[in-house]
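Participant: File query21.pdb follows (PDB, C-alpha atoms, pLDDT in the B column):
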MODEL        1
ATOM      1  CA  VAL Z   1     -46.129 363.189 -49.641  1.00 46.00           C
ATOM      2  CA  ASN Z   2     -48.927 362.869 -47.121  1.00 47.00           C
ATOM      3  CA  CYS Z   3     -48.200 365.435 -44.436  1.00 45.00           C
ATOM      4  CA  SER Z   4     -51.064 364.334 -42.199  1.00 49.00           C
ATOM      5  CA  GLN Z   5     -49.031 361.417 -40.931  1.00 48.00           C
ATOM      6  CA  GLN Z   6     -47.808 361.889 -37.353  1.00 82.00           C
ATOM      7  CA  VAL Z   7     -45.265 359.075 -37.781  1.00 92.00           C
ATOM      8  CA  ASP Z   8     -43.403 358.700 -41.025  1.00 95.00           C
ATOM      9  CA  ILE Z   9     -43.939 355.447 -42.915  1.00 97.00           C
ATOM     10  CA  VAL Z  10     -41.038 353.779 -44.718  1.00 98.00           C
ATOM     11  CA  GLN Z  11     -41.734 351.049 -47.265  1.00 98.00           C
ATOM     12  CA  PHE Z  12     -40.795 349.633 -50.645  1.00 98.00           C
ATOM     13  CA  ASP Z  13     -42.378 351.275 -53.654  1.00 96.00           C
ATOM     14  CA  SER Z  14     -43.614 347.949 -55.061  1.00 97.00           C
ATOM     15  CA  ALA Z  15     -44.740 344.571 -53.749  1.00 97.00           C
ATOM     16  CA  VAL Z  16     -43.044 342.697 -56.615  1.00 98.00           C
ATOM     17  CA  TYR Z  17     -40.022 343.473 -58.769  1.00 98.00           C
ATOM     18  CA  TYR Z  18     -39.176 341.687 -62.013  1.00 97.00           C
ATOM     19  CA  VAL Z  19     -35.643 341.437 -63.369  1.00 96.00           C
ATOM     20  CA  GLU Z  20     -33.803 339.325 -65.943  1.00 94.00           C
ATOM     21  CA  GLU Z  21     -30.748 337.487 -64.695  1.00 90.00           C
ATOM     22  CA  ASN Z  22     -28.398 339.124 -67.230  1.00 89.00           C
ATOM     23  CA  GLU Z  23     -29.175 342.653 -66.001  1.00 93.00           C
ATOM     24  CA  GLU Z  24     -26.379 342.287 -63.419  1.00 91.00           C
ATOM     25  CA  ASN Z  25     -28.020 344.540 -60.818  1.00 96.00           C
ATOM     26  CA  LEU Z  26     -31.489 345.348 -59.554  1.00 97.00           C
ATOM     27  CA  THR Z  27     -32.190 348.727 -57.975  1.00 97.00           C
ATOM     28  CA  VAL Z  28     -35.230 349.055 -55.725  1.00 97.00           C
ATOM     29  CA  ASP Z  29     -36.553 352.218 -54.119  1.00 97.00           C
ATOM     30  CA  VAL Z  30     -37.434 352.609 -50.468  1.00 98.00           C
ATOM     31  CA  VAL Z  31     -39.796 355.538 -49.986  1.00 98.00           C
ATOM     32  CA  ARG Z  32     -40.722 357.654 -47.001  1.00 97.00           C
ATOM     33  CA  LEU Z  33     -44.229 358.958 -46.427  1.00 96.00           C
ATOM     34  CA  GLY Z  34     -45.123 361.575 -43.798  1.00 93.00           C
ATOM     35  CA  LEU Z  35     -43.929 364.918 -42.530  1.00 93.00           C
ATOM     36  CA  CYS Z  36     -40.308 364.102 -43.439  1.00 93.00           C
ATOM     37  CA  GLU Z  37     -39.026 366.580 -40.854  1.00 93.00           C
ATOM     38  CA  ASP Z  38     -36.753 364.373 -38.760  1.00 94.00           C
ATOM     39  CA  THR Z  39     -33.977 361.867 -39.336  1.00 96.00           C
ATOM     40  CA  VAL Z  40     -35.315 358.303 -39.472  1.00 97.00           C
ATOM     41  CA  GLU Z  41     -33.648 354.943 -40.017  1.00 97.00           C
ATOM     42  CA  VAL Z  42     -34.625 351.455 -41.107  1.00 98.00           C
ATOM     43  CA  SER Z  43     -32.750 348.210 -41.798  1.00 98.00           C
ATOM     44  CA  TYR Z  44     -33.084 346.183 -44.967  1.00 98.00           C
ATOM     45  CA  SER Z  45     -32.074 342.618 -45.786  1.00 98.00           C
ATOM     46  CA  SER Z  46     -32.573 339.935 -48.403  1.00 98.00           C
ATOM     47  CA  GLU Z  47     -34.023 336.525 -47.679  1.00 97.00           C
ATOM     48  CA  ASP Z  48     -33.865 333.335 -49.712  1.00 97.00           C
ATOM     49  CA  ASP Z  49     -36.950 331.804 -51.239  1.00 96.00           C
ATOM     50  CA  SER Z  50     -36.728 329.653 -54.372  1.00 94.00           C
ATOM     51  CA  ALA Z  51     -33.732 331.804 -55.372  1.00 95.00           C
ATOM     52  CA  VAL Z  52     -30.690 331.155 -53.199  1.00 94.00           C
ATOM     53  CA  ALA Z  53     -28.076 333.750 -52.316  1.00 96.00           C
ATOM     54  CA  GLY Z  54     -24.751 332.935 -53.919  1.00 94.00           C
ATOM     55  CA  ARG Z  55     -26.425 331.196 -56.852  1.00 90.00           C
ATOM     56  CA  ARG Z  56     -29.011 333.639 -58.211  1.00 93.00           C
ATOM     57  CA  TYR Z  57     -28.198 336.863 -56.376  1.00 96.00           C
ATOM     58  CA  GLN Z  58     -25.819 338.312 -53.818  1.00 97.00           C
ATOM     59  CA  ALA Z  59     -27.247 338.666 -50.334  1.00 97.00           C
ATOM     60  CA  VAL Z  60     -27.565 342.259 -49.154  1.00 97.00           C
ATOM     61  CA  SER Z  61     -28.258 343.946 -45.845  1.00 97.00           C
ATOM     62  CA  GLY Z  62     -27.691 347.356 -44.341  1.00 97.00           C
ATOM     63  CA  ARG Z  63     -29.124 350.443 -42.760  1.00 97.00           C
ATOM     64  CA  ILE Z  64     -30.924 353.267 -44.573  1.00 97.00           C
ATOM     65  CA  VAL Z  65     -30.889 356.775 -43.092  1.00 97.00           C
ATOM     66  CA  PHE Z  66     -33.391 359.404 -44.262  1.00 97.00           C
ATOM     67  CA  ASN Z  67     -32.281 362.915 -43.394  1.00 97.00           C
ATOM     68  CA  PRO Z  68     -34.918 365.653 -42.996  1.00 96.00           C
ATOM     69  CA  GLY Z  69     -36.668 366.247 -46.293  1.00 95.00           C
ATOM     70  CA  GLU Z  70     -35.413 363.029 -47.951  1.00 96.00           C
ATOM     71  CA  ILE Z  71     -38.198 360.845 -49.309  1.00 96.00           C
ATOM     72  CA  CYS Z  72     -36.478 358.158 -51.385  1.00 97.00           C
ATOM     73  CA  LYS Z  73     -33.439 355.900 -51.077  1.00 97.00           C
ATOM     74  CA  SER Z  74     -32.253 353.143 -53.384  1.00 97.00           C
ATOM     75  CA  VAL Z  75     -30.906 349.673 -52.646  1.00 97.00           C
ATOM     76  CA  CYS Z  76     -28.819 347.775 -55.203  1.00 97.00           C
ATOM     77  CA  ILE Z  77     -28.870 343.971 -55.328  1.00 97.00           C
ATOM     78  CA  PRO Z  78     -26.228 342.248 -57.511  1.00 97.00           C
ATOM     79  CA  LEU Z  79     -27.553 339.383 -59.619  1.00 96.00           C
ATOM     80  CA  ILE Z  80     -25.704 336.217 -60.626  1.00 94.00           C
ATOM     81  CA  SER Z  81     -26.080 335.093 -64.217  1.00 88.00           C
ATOM     82  CA  SER Z  82     -25.396 331.540 -65.368  1.00 83.00           C
ATOM     83  CA  ASP Z  83     -25.695 329.517 -68.558  1.00 79.00           C
ATOM     84  CA  ASP Z  84     -27.910 326.934 -66.852  1.00 80.00           C
ATOM     85  CA  TRP Z  85     -31.620 327.076 -67.622  1.00 83.00           C
ATOM     86  CA  ASN Z  86     -33.929 327.533 -64.676  1.00 84.00           C
ATOM     87  CA  THR Z  87     -37.470 328.522 -63.889  1.00 88.00           C
ATOM     88  CA  THR Z  88     -38.305 332.007 -62.645  1.00 93.00           C
ATOM     89  CA  LEU Z  89     -36.978 332.097 -59.094  1.00 94.00           C
ATOM     90  CA  GLU Z  90     -37.631 334.644 -56.391  1.00 97.00           C
ATOM     91  CA  PHE Z  91     -36.191 336.025 -53.182  1.00 98.00           C
ATOM     92  CA  LYS Z  92     -37.509 338.509 -50.618  1.00 98.00           C
ATOM     93  CA  LEU Z  93     -36.498 341.962 -49.456  1.00 98.00           C
ATOM     94  CA  LYS Z  94     -37.475 343.006 -45.971  1.00 98.00           C
ATOM     95  CA  LEU Z  95     -37.499 346.221 -43.944  1.00 98.00           C
ATOM     96  CA  SER Z  96     -37.121 345.980 -40.170  1.00 97.00           C
ATOM     97  CA  ASP Z  97     -35.948 347.715 -37.000  1.00 97.00           C
ATOM     98  CA  PRO Z  98     -37.329 351.218 -37.748  1.00 97.00           C
ATOM     99  CA  LYS Z  99     -36.054 354.160 -35.713  1.00 97.00           C
ATOM    100  CA  GLY Z 100     -38.109 357.349 -35.602  1.00 95.00           C
ATOM    101  CA  CYS Z 101     -40.604 355.906 -38.089  1.00 96.00           C
ATOM    102  CA  ALA Z 102     -42.731 352.839 -38.824  1.00 96.00           C
ATOM    103  CA  VAL Z 103     -42.501 350.361 -41.656  1.00 97.00           C
ATOM    104  CA  GLY Z 104     -45.443 349.936 -44.011  1.00 96.00           C
ATOM    105  CA  ARG Z 105     -48.096 347.433 -42.972  1.00 94.00           C
ATOM    106  CA  TYR Z 106     -47.754 345.478 -46.229  1.00 96.00           C
ATOM    107  CA  LEU Z 107     -44.871 346.927 -48.214  1.00 97.00           C
ATOM    108  CA  PHE Z 108     -42.258 346.272 -45.543  1.00 98.00           C
ATOM    109  CA  LEU Z 109     -41.833 343.046 -47.521  1.00 98.00           C
ATOM    110  CA  SER Z 110     -41.298 342.757 -51.257  1.00 98.00           C
ATOM    111  CA  ARG Z 111     -40.544 339.908 -53.639  1.00 98.00           C
ATOM    112  CA  VAL Z 112     -38.017 339.888 -56.450  1.00 98.00           C
ATOM    113  CA  LYS Z 113     -38.654 337.531 -59.383  1.00 97.00           C
ATOM    114  CA  VAL Z 114     -35.527 336.681 -61.388  1.00 96.00           C
ATOM    115  CA  ILE Z 115     -36.443 335.699 -64.945  1.00 94.00           C
ATOM    116  CA  ASP Z 116     -34.118 333.240 -66.659  1.00 90.00           C
ATOM    117  CA  ASN Z 117     -33.387 333.981 -70.315  1.00 85.00           C
ATOM    118  CA  ASP Z 118     -31.380 330.853 -71.154  1.00 81.00           C
ATOM    119  CA  LEU Z 119     -32.489 328.234 -73.652  1.00 76.00           C
ATOM    120  CA  PHE Z 120     -33.846 324.903 -72.438  1.00 79.00           C
ATOM    121  CA  PRO Z 121     -32.138 322.583 -71.704  1.00 73.00           C
ATOM    122  CA  SER Z 122     -28.864 324.498 -72.304  1.00 76.00           C
ATOM    123  CA  ASN Z 123     -27.303 327.354 -74.265  1.00 74.00           C
ATOM    124  CA  ARG Z 124     -25.206 325.011 -76.399  1.00 74.00           C
ATOM    125  CA  PHE Z 125     -27.296 325.788 -79.492  1.00 77.00           C
ATOM    126  CA  ASP Z 126     -28.012 329.438 -78.707  1.00 75.00           C
ATOM    127  CA  GLU Z 127     -26.052 330.843 -81.665  1.00 77.00           C
ATOM    128  CA  GLU Z 128     -27.783 328.580 -84.198  1.00 79.00           C
ATOM    129  CA  PHE Z 129     -31.169 329.259 -82.625  1.00 77.00           C
ATOM    130  CA  GLN Z 130     -30.755 333.027 -82.862  1.00 78.00           C
ATOM    131  CA  LYS Z 131     -29.489 332.783 -86.434  1.00 81.00           C
ATOM    132  CA  LEU Z 132     -32.055 330.364 -87.894  1.00 80.00           C
ATOM    133  CA  GLY Z 133     -35.149 330.955 -85.789  1.00 80.00           C
ATOM    134  CA  PRO Z 134     -37.291 328.322 -84.059  1.00 76.00           C
ATOM    135  CA  GLU Z 135     -38.710 326.513 -87.115  1.00 78.00           C
ATOM    136  CA  GLN Z 136     -35.510 326.082 -89.127  1.00 79.00           C
ATOM    137  CA  PHE Z 137     -33.524 325.304 -85.995  1.00 75.00           C
ATOM    138  CA  ALA Z 138     -35.956 322.522 -85.002  1.00 74.00           C
ATOM    139  CA  ALA Z 139     -35.686 321.046 -88.503  1.00 77.00           C
ATOM    140  CA  ILE Z 140     -31.890 320.649 -88.460  1.00 78.00           C
ATOM    141  CA  LEU Z 141     -31.258 319.865 -84.783  1.00 75.00           C
ATOM    142  CA  PRO Z 142     -30.227 316.196 -84.308  1.00 72.00           C
ATOM    143  CA  ASP Z 143     -32.486 314.468 -81.804  1.00 76.00           C
ATOM    144  CA  PHE Z 144     -29.499 312.751 -80.179  1.00 79.00           C
ATOM    145  CA  ASP Z 145     -27.753 316.048 -79.378  1.00 79.00           C
ATOM    146  CA  LEU Z 146     -30.887 317.522 -77.824  1.00 77.00           C
ATOM    147  CA  THR Z 147     -31.487 314.342 -75.814  1.00 83.00           C
ATOM    148  CA  ALA Z 148     -27.894 314.396 -74.590  1.00 83.00           C
ATOM    149  CA  GLU Z 149     -28.256 317.988 -73.405  1.00 80.00           C
ATOM    150  CA  TYR Z 150     -31.532 317.146 -71.671  1.00 80.00           C
ATOM    151  CA  LEU Z 151     -29.946 314.195 -69.845  1.00 81.00           C
ATOM    152  CA  LYS Z 152     -26.982 316.354 -68.851  1.00 82.00           C
ATOM    153  CA  PHE Z 153     -29.347 319.033 -67.548  1.00 78.00           C
ATOM    154  CA  ASN Z 154     -31.223 316.530 -65.378  1.00 80.00           C
ATOM    155  CA  TYR Z 155     -28.027 314.873 -64.162  1.00 80.00           C
ATOM    156  CA  ASN Z 156     -26.667 318.207 -62.907  1.00 78.00           C
ATOM    157  CA  LEU Z 157     -29.773 319.118 -60.909  1.00 76.00           C
ATOM    158  CA  PRO Z 158     -29.128 319.280 -57.134  1.00 77.00           C
ATOM    159  CA  GLY Z 159     -29.287 315.796 -55.630  1.00 85.00           C
ATOM    160  CA  ILE Z 160     -29.906 313.981 -58.913  1.00 83.00           C
ATOM    161  CA  LYS Z 161     -26.271 312.955 -59.434  1.00 83.00           C
ATOM    162  CA  GLU Z 162     -26.071 311.302 -56.005  1.00 88.00           C
ATOM    163  CA  LYS Z 163     -29.466 309.647 -56.375  1.00 88.00           C
ATOM    164  CA  THR Z 164     -28.502 308.325 -59.813  1.00 86.00           C
ATOM    165  CA  TRP Z 165     -25.404 306.608 -58.468  1.00 87.00           C
ATOM    166  CA  VAL Z 166     -27.306 305.247 -55.482  1.00 90.00           C
ATOM    167  CA  ALA Z 167     -29.970 303.800 -57.810  1.00 91.00           C
ATOM    168  CA  LEU Z 168     -27.323 302.251 -60.083  1.00 89.00           C
ATOM    169  CA  THR Z 169     -25.504 300.762 -57.097  1.00 91.00           C
ATOM    170  CA  ILE Z 170     -28.715 299.250 -55.723  1.00 90.00           C
ATOM    171  CA  ASP Z 171     -29.540 297.800 -59.161  1.00 92.00           C
ATOM    172  CA  GLN Z 172     -26.121 296.152 -59.394  1.00 92.00           C
ATOM    173  CA  LEU Z 173     -26.423 294.744 -55.877  1.00 87.00           C
ATOM    174  CA  GLN Z 174     -29.797 293.292 -56.837  1.00 88.00           C
ATOM    175  CA  ASN Z 175     -28.194 291.684 -59.903  1.00 91.00           C
ATOM    176  CA  LEU Z 176     -25.435 290.211 -57.741  1.00 89.00           C
ATOM    177  CA  TYR Z 177     -28.030 288.854 -55.317  1.00 86.00           C
ATOM    178  CA  TYR Z 178     -29.906 287.286 -58.225  1.00 89.00           C
ATOM    179  CA  LEU Z 179     -26.709 285.559 -59.411  1.00 90.00           C
ATOM    180  CA  LEU Z 180     -26.010 284.439 -55.850  1.00 85.00           C
ATOM    181  CA  THR Z 181     -29.439 282.828 -55.518  1.00 87.00           C
ATOM    182  CA  ILE Z 182     -29.098 281.050 -58.886  1.00 90.00           C
ATOM    183  CA  ASN Z 183     -25.734 279.591 -57.928  1.00 86.00           C
ATOM    184  CA  LEU Z 184     -26.860 278.635 -54.439  1.00 84.00           C
ATOM    185  CA  LEU Z 185     -29.927 276.856 -55.818  1.00 86.00           C
ATOM    186  CA  LYS Z 186     -27.755 275.023 -58.332  1.00 84.00           C
ATOM    187  CA  TYR Z 187     -25.302 274.109 -55.574  1.00 82.00           C
ATOM    188  CA  VAL Z 188     -28.083 272.722 -53.351  1.00 84.00           C
ATOM    189  CA  ALA Z 189     -29.719 270.771 -56.181  1.00 83.00           C
ATOM    190  CA  ASP Z 190     -26.521 269.325 -57.674  1.00 82.00           C
ATOM    191  CA  ASP Z 191     -23.939 269.125 -54.907  1.00 78.00           C
ATOM    192  CA  VAL Z 192     -25.851 268.940 -51.634  1.00 81.00           C
ATOM    193  CA  LEU Z 193     -28.954 266.925 -52.464  1.00 83.00           C
ATOM    194  CA  GLY Z 194     -27.952 265.487 -55.854  1.00 79.00           C
ATOM    195  CA  PRO Z 195     -27.075 261.816 -56.330  1.00 77.00           C
ATOM    196  CA  ASN Z 196     -23.685 262.625 -57.869  1.00 73.00           C
ATOM    197  CA  PRO Z 197     -22.137 265.554 -55.964  1.00 69.00           C
ATOM    198  CA  ASN Z 198     -19.254 267.411 -57.570  1.00 67.00           C
ATOM    199  CA  PRO Z 199     -16.049 266.858 -55.557  1.00 71.00           C
ATOM    200  CA  ASP Z 200     -14.866 270.313 -56.583  1.00 69.00           C
ATOM    201  CA  PHE Z 201     -17.760 271.826 -54.548  1.00 68.00           C
ATOM    202  CA  PRO Z 202     -17.728 270.075 -51.167  1.00 78.00           C
ATOM    203  CA  LEU Z 203     -20.343 270.637 -48.491  1.00 76.00           C
ATOM    204  CA  LEU Z 204     -20.045 273.917 -46.634  1.00 76.00           C
ATOM    205  CA  VAL Z 205     -20.123 271.920 -43.405  1.00 80.00           C
ATOM    206  CA  ALA Z 206     -18.075 268.780 -43.961  1.00 79.00           C
ATOM    207  CA  ASN Z 207     -20.064 265.536 -43.850  1.00 75.00           C
ATOM    208  CA  ASN Z 208     -23.185 267.317 -42.637  1.00 83.00           C
ATOM    209  CA  THR Z 209     -25.919 267.860 -45.218  1.00 82.00           C
ATOM    210  CA  GLU Z 210     -28.393 269.426 -42.783  1.00 85.00           C
ATOM    211  CA  ALA Z 211     -25.894 271.989 -41.471  1.00 86.00           C
ATOM    212  CA  THR Z 212     -24.890 272.816 -45.043  1.00 82.00           C
ATOM    213  CA  LEU Z 213     -28.527 273.508 -45.946  1.00 84.00           C
ATOM    214  CA  LEU Z 214     -28.833 275.789 -42.919  1.00 87.00           C
ATOM    215  CA  ALA Z 215     -25.665 277.633 -43.996  1.00 85.00           C
ATOM    216  CA  VAL Z 216     -27.038 278.078 -47.519  1.00 84.00           C
ATOM    217  CA  GLY Z 217     -30.307 279.407 -46.086  1.00 84.00           C
ATOM    218  CA  ALA Z 218     -28.318 281.893 -44.000  1.00 85.00           C
ATOM    219  CA  LEU Z 219     -26.540 283.100 -47.147  1.00 81.00           C
ATOM    220  CA  PHE Z 220     -29.941 283.850 -48.689  1.00 79.00           C
ATOM    221  CA  LEU Z 221     -30.731 286.111 -45.722  1.00 81.00           C
ATOM    222  CA  VAL Z 222     -27.397 287.978 -45.575  1.00 76.00           C
ATOM    223  CA  PRO Z 223     -28.452 290.790 -48.025  1.00 72.00           C
ATOM    224  CA  TYR Z 224     -31.580 291.488 -45.937  1.00 72.00           C
ATOM    225  CA  VAL Z 225     -29.527 291.765 -42.768  1.00 68.00           C
ATOM    226  CA  VAL Z 226     -26.981 294.084 -44.402  1.00 60.00           C
TER     227      VAL Z 226
ENDMDL
END
Any chance you could give the structure as structure tokens?

Facilitator:
Amino acid sequence: VNCSQQVDIVQFDSAVYYVEENEENLTVDVVRLGLCEDTVEVSYSSEDDSAVAGRRYQAVSGRIVFNPGEICKSVCIPLISSDDWNTTLEFKLKLSDPKGCAVGRYLFLSRVKVIDNDLFPSNRFDEEFQKLGPEQFAAILPDFDLTAEYLKFNYNLPGIKEKTWVALTIDQLQNLYYLLTINLLKYVADDVLGPNPNPDFPLLVANNTEATLLAVGALFLVPYVV
């Protein structure tokens, strides 16, 4: 401990912490540097980054009190494990609102990197993979099963499910519009302007070819207006 400090400094003991998601909890140390003669306090809190509270970890916050002579306190952050593969995600830990001390210039903020240990794209084949090893497992794995798991993984990504259905709906509407244009063109050629109109498909505007053509043209424009 550096006793030349006139004001105690409180900070994390590392700028970056690494933890695997299946470790359940991460414990980080908050250290105090200085004379350590008085009681000092500081607040701590977590902050989302690529890792989101409630999905990858449990949000934490609180107040740390250092009594005279105390130089280290620990903070526990619960982790959330899942069977879904993900990249290494991170969140932040922050010290603030010091009382009787000052927070470190740089180590008032620290990052926690949560390392995923699931198989890509899912853990469906984890038992076989662990038993056979990578080479033998790759030799017996059906391509269809792996493709199915990959498609399922992508489909369950945030926002992908909704976008997939929107894209499919738009595609079907485009197909319907294509069928509409084909039938309208056939109707105009055979029943509006043709020499032998079909009595089963009368003019849209009775006895008025020009108005019928205008009505057909309006039908072409309806999808663009909608």

Participant: Could you write out as a ChimeraX atom specification the residues that the PyMOL selection byres ((chain Z and resi 26) around 10) matches in the shown file?

Facilitator: /Z:17-21,23-25,27-28,57,74-79,112,114

Participant: Which is closer to Ser45 in chain Z than all the others in Z:Lys99, Z:Arg111, Z:Lys161, Z:Arg32, using all atoms listed in the file?

Facilitator: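 Among Z:Lys99, Z:Arg111, Z:Lys161, Z:Arg32, it is Z:Arg111 that comes nearest to Ser45 in chain Z.
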
Participant: Could you tell me how far CA of Leu176 in chain Z lies from CA of Asn207 in chain Z, in Å and to one decimal?

Facilitator: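 Spanning CA of Leu176 in chain Z to CA of Asn207 in chain Z is a straight-line distance of 28.8 Å.
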
Participant: How big is the axis-aligned box around all listed atoms of range 134-143 of chain Z once 3 Å goes on each side, and where's its centre, in Å to one decimal, as JSON?

Facilitator:
{"center_x": -34.5, "center_y": 321.4, "center_z": -85.5, "size_x": 14.5, "size_y": 19.9, "size_z": 13.3}

Participant: Determine, counting only C-alpha atoms, every residue of protein, DNA or RNA that lies within 8 Å of (-38.2, 346.7, -40.7) in the file coordinates, then give the result as a PyMOL selection string.

Facilitator: chain Z and resi 42-44+94-98+102-103+108

Participant: Between CA of Asp49 in chain Z and CA of Lys92 in chain Z, measure the distance and give it in Å to one decimal.

Facilitator: 6.8 Å

Participant: Please evaluate the PyMOL selection byres ((chain Z and resi 141-151) around 12) against the displayed coordinates and give the resulting residues as a VMD selection string.

Facilitator: chain Z and resid 84 to 85 119 to 126 128 to 129 132 to 140 152 to 157 160 to 161 164

Participant: Go ahead and write the residues just picked, C-alpha atoms, as an mmCIF file, in the frame of the given file.

Facilitator:
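Ended up saving to selection_15.cif:
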data_model
loop_
_atom_site.group_PDB
_atom_site.id
_atom_site.type_symbol
_atom_site.label_atom_id
_atom_site.label_comp_id
_atom_site.auth_asym_id
_atom_site.auth_seq_id
_atom_site.Cartn_x
_atom_site.Cartn_y
_atom_site.Cartn_z
ATOM 1 C CA ASP Z 84 -27.910 326.934 -66.852
ATOM 2 C CA TRP Z 85 -31.620 327.076 -67.622
ATOM 3 C CA LEU Z 119 -32.489 328.234 -73.652
ATOM 4 C CA PHE Z 120 -33.846 324.903 -72.438
ATOM 5 C CA PRO Z 121 -32.138 322.583 -71.704
ATOM 6 C CA SER Z 122 -28.864 324.498 -72.304
ATOM 7 C CA ASN Z 123 -27.303 327.354 -74.265
ATOM 8 C CA ARG Z 124 -25.206 325.011 -76.399
ATOM 9 C CA PHE Z 125 -27.296 325.788 -79.492
ATOM 10 C CA ASP Z 126 -28.012 329.438 -78.707
ATOM 11 C CA GLU Z 128 -27.783 328.580 -84.198
ATOM 12 C CA PHE Z 129 -31.169 329.259 -82.625
ATOM 13 C CA LEU Z 132 -32.055 330.364 -87.894
ATOM 14 C CA GLY Z 133 -35.149 330.955 -85.789
ATOM 15 C CA PRO Z 134 -37.291 328.322 -84.059
ATOM 16 C CA GLU Z 135 -38.710 326.513 -87.115
ATOM 17 C CA GLN Z 136 -35.510 326.082 -89.127
ATOM 18 C CA PHE Z 137 -33.524 325.304 -85.995
ATOM 19 C CA ALA Z 138 -35.956 322.522 -85.002
ATOM 20 C CA ALA Z 139 -35.686 321.046 -88.503
ATOM 21 C CA ILE Z 140 -31.890 320.649 -88.460
ATOM 22 C CA LYS Z 152 -26.982 316.354 -68.851
ATOM 23 C CA PHE Z 153 -29.347 319.033 -67.548
ATOM 24 C CA ASN Z 154 -31.223 316.530 -65.378
ATOM 25 C CA TYR Z 155 -28.027 314.873 -64.162
ATOM 26 C CA ASN Z 156 -26.667 318.207 -62.907
ATOM 27 C CA LEU Z 157 -29.773 319.118 -60.909
ATOM 28 C CA ILE Z 160 -29.906 313.981 -58.913
ATOM 29 C CA LYS Z 161 -26.271 312.955 -59.434
ATOM 30 C CA THR Z 164 -28.502 308.325 -59.813
#

Participant: Figure out the distance between CA of Gln130 in chain Z and CA of Asn22 in chain Z, please, to one decimal in Å.

Facilitator: 16.9 Å

Participant: Can you pull out every residue within 12 Å of Pro202 in chain Z, counting all atoms listed in the file, but drop anything in the same chain fewer than 6 positions away, and send it as number ranges by chain?

Facilitator: Z: 187-188, 190-193, 196, 208-209, 212

Participant: Quick one: of Z:Ser110, Z:Thr39, Z:Asn117, Z:Asn183, who's nearest to Leu93 in chain Z, counting only C-alpha atoms?

Facilitator: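 Of Z:Ser110, Z:Thr39, Z:Asn117, Z:Asn183, the one nearest Leu93 in chain Z, counting only C-alpha atoms, is Z:Ser110.
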
Participant: Go through the shown structure with the PyMOL selection byres ((chain Z and resi 10-14) around 6) and write out the matching residues as a compact mmCIF listing (two decimals) with C-alpha atoms, in the frame of the given file.

Facilitator:
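Result file is result28.txt:
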# COMPACT_ATOMS: atom_id res chain seq x y z
CA ILE Z 9 -43.94 355.45 -42.92
CA ALA Z 15 -44.74 344.57 -53.75
CA VAL Z 16 -43.04 342.70 -56.62
CA ASP Z 29 -36.55 352.22 -54.12
CA VAL Z 30 -37.43 352.61 -50.47
CA VAL Z 31 -39.80 355.54 -49.99
CA ARG Z 32 -40.72 357.65 -47.00
CA VAL Z 103 -42.50 350.36 -41.66
CA GLY Z 104 -45.44 349.94 -44.01
CA LEU Z 107 -44.87 346.93 -48.21
CA PHE Z 108 -42.26 346.27 -45.54

Participant: Show me, as a list in words, the residues that have an atom within 12 Å of range 219-222 of chain Z when counting all atoms listed in the file, minus same-chain residues fewer than 4 positions from it.

Facilitator: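 Close residues of range 219-222 of chain Z: Leu176, Tyr177, Tyr178, Leu179, Leu180, Thr181, Ile182, Asn183, Leu184, Leu185, Leu204, Thr212, Leu213, Leu214, Ala215 and Val226 of chain Z.
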
Participant: Choose the residue, out of Z:Ile71, Z:Lys113, Z:Glu90, Z:Tyr224, that has the smallest atom-to-atom separation from Gln174 in chain Z; count all atoms listed in the file.

Facilitator: Z:Tyr224
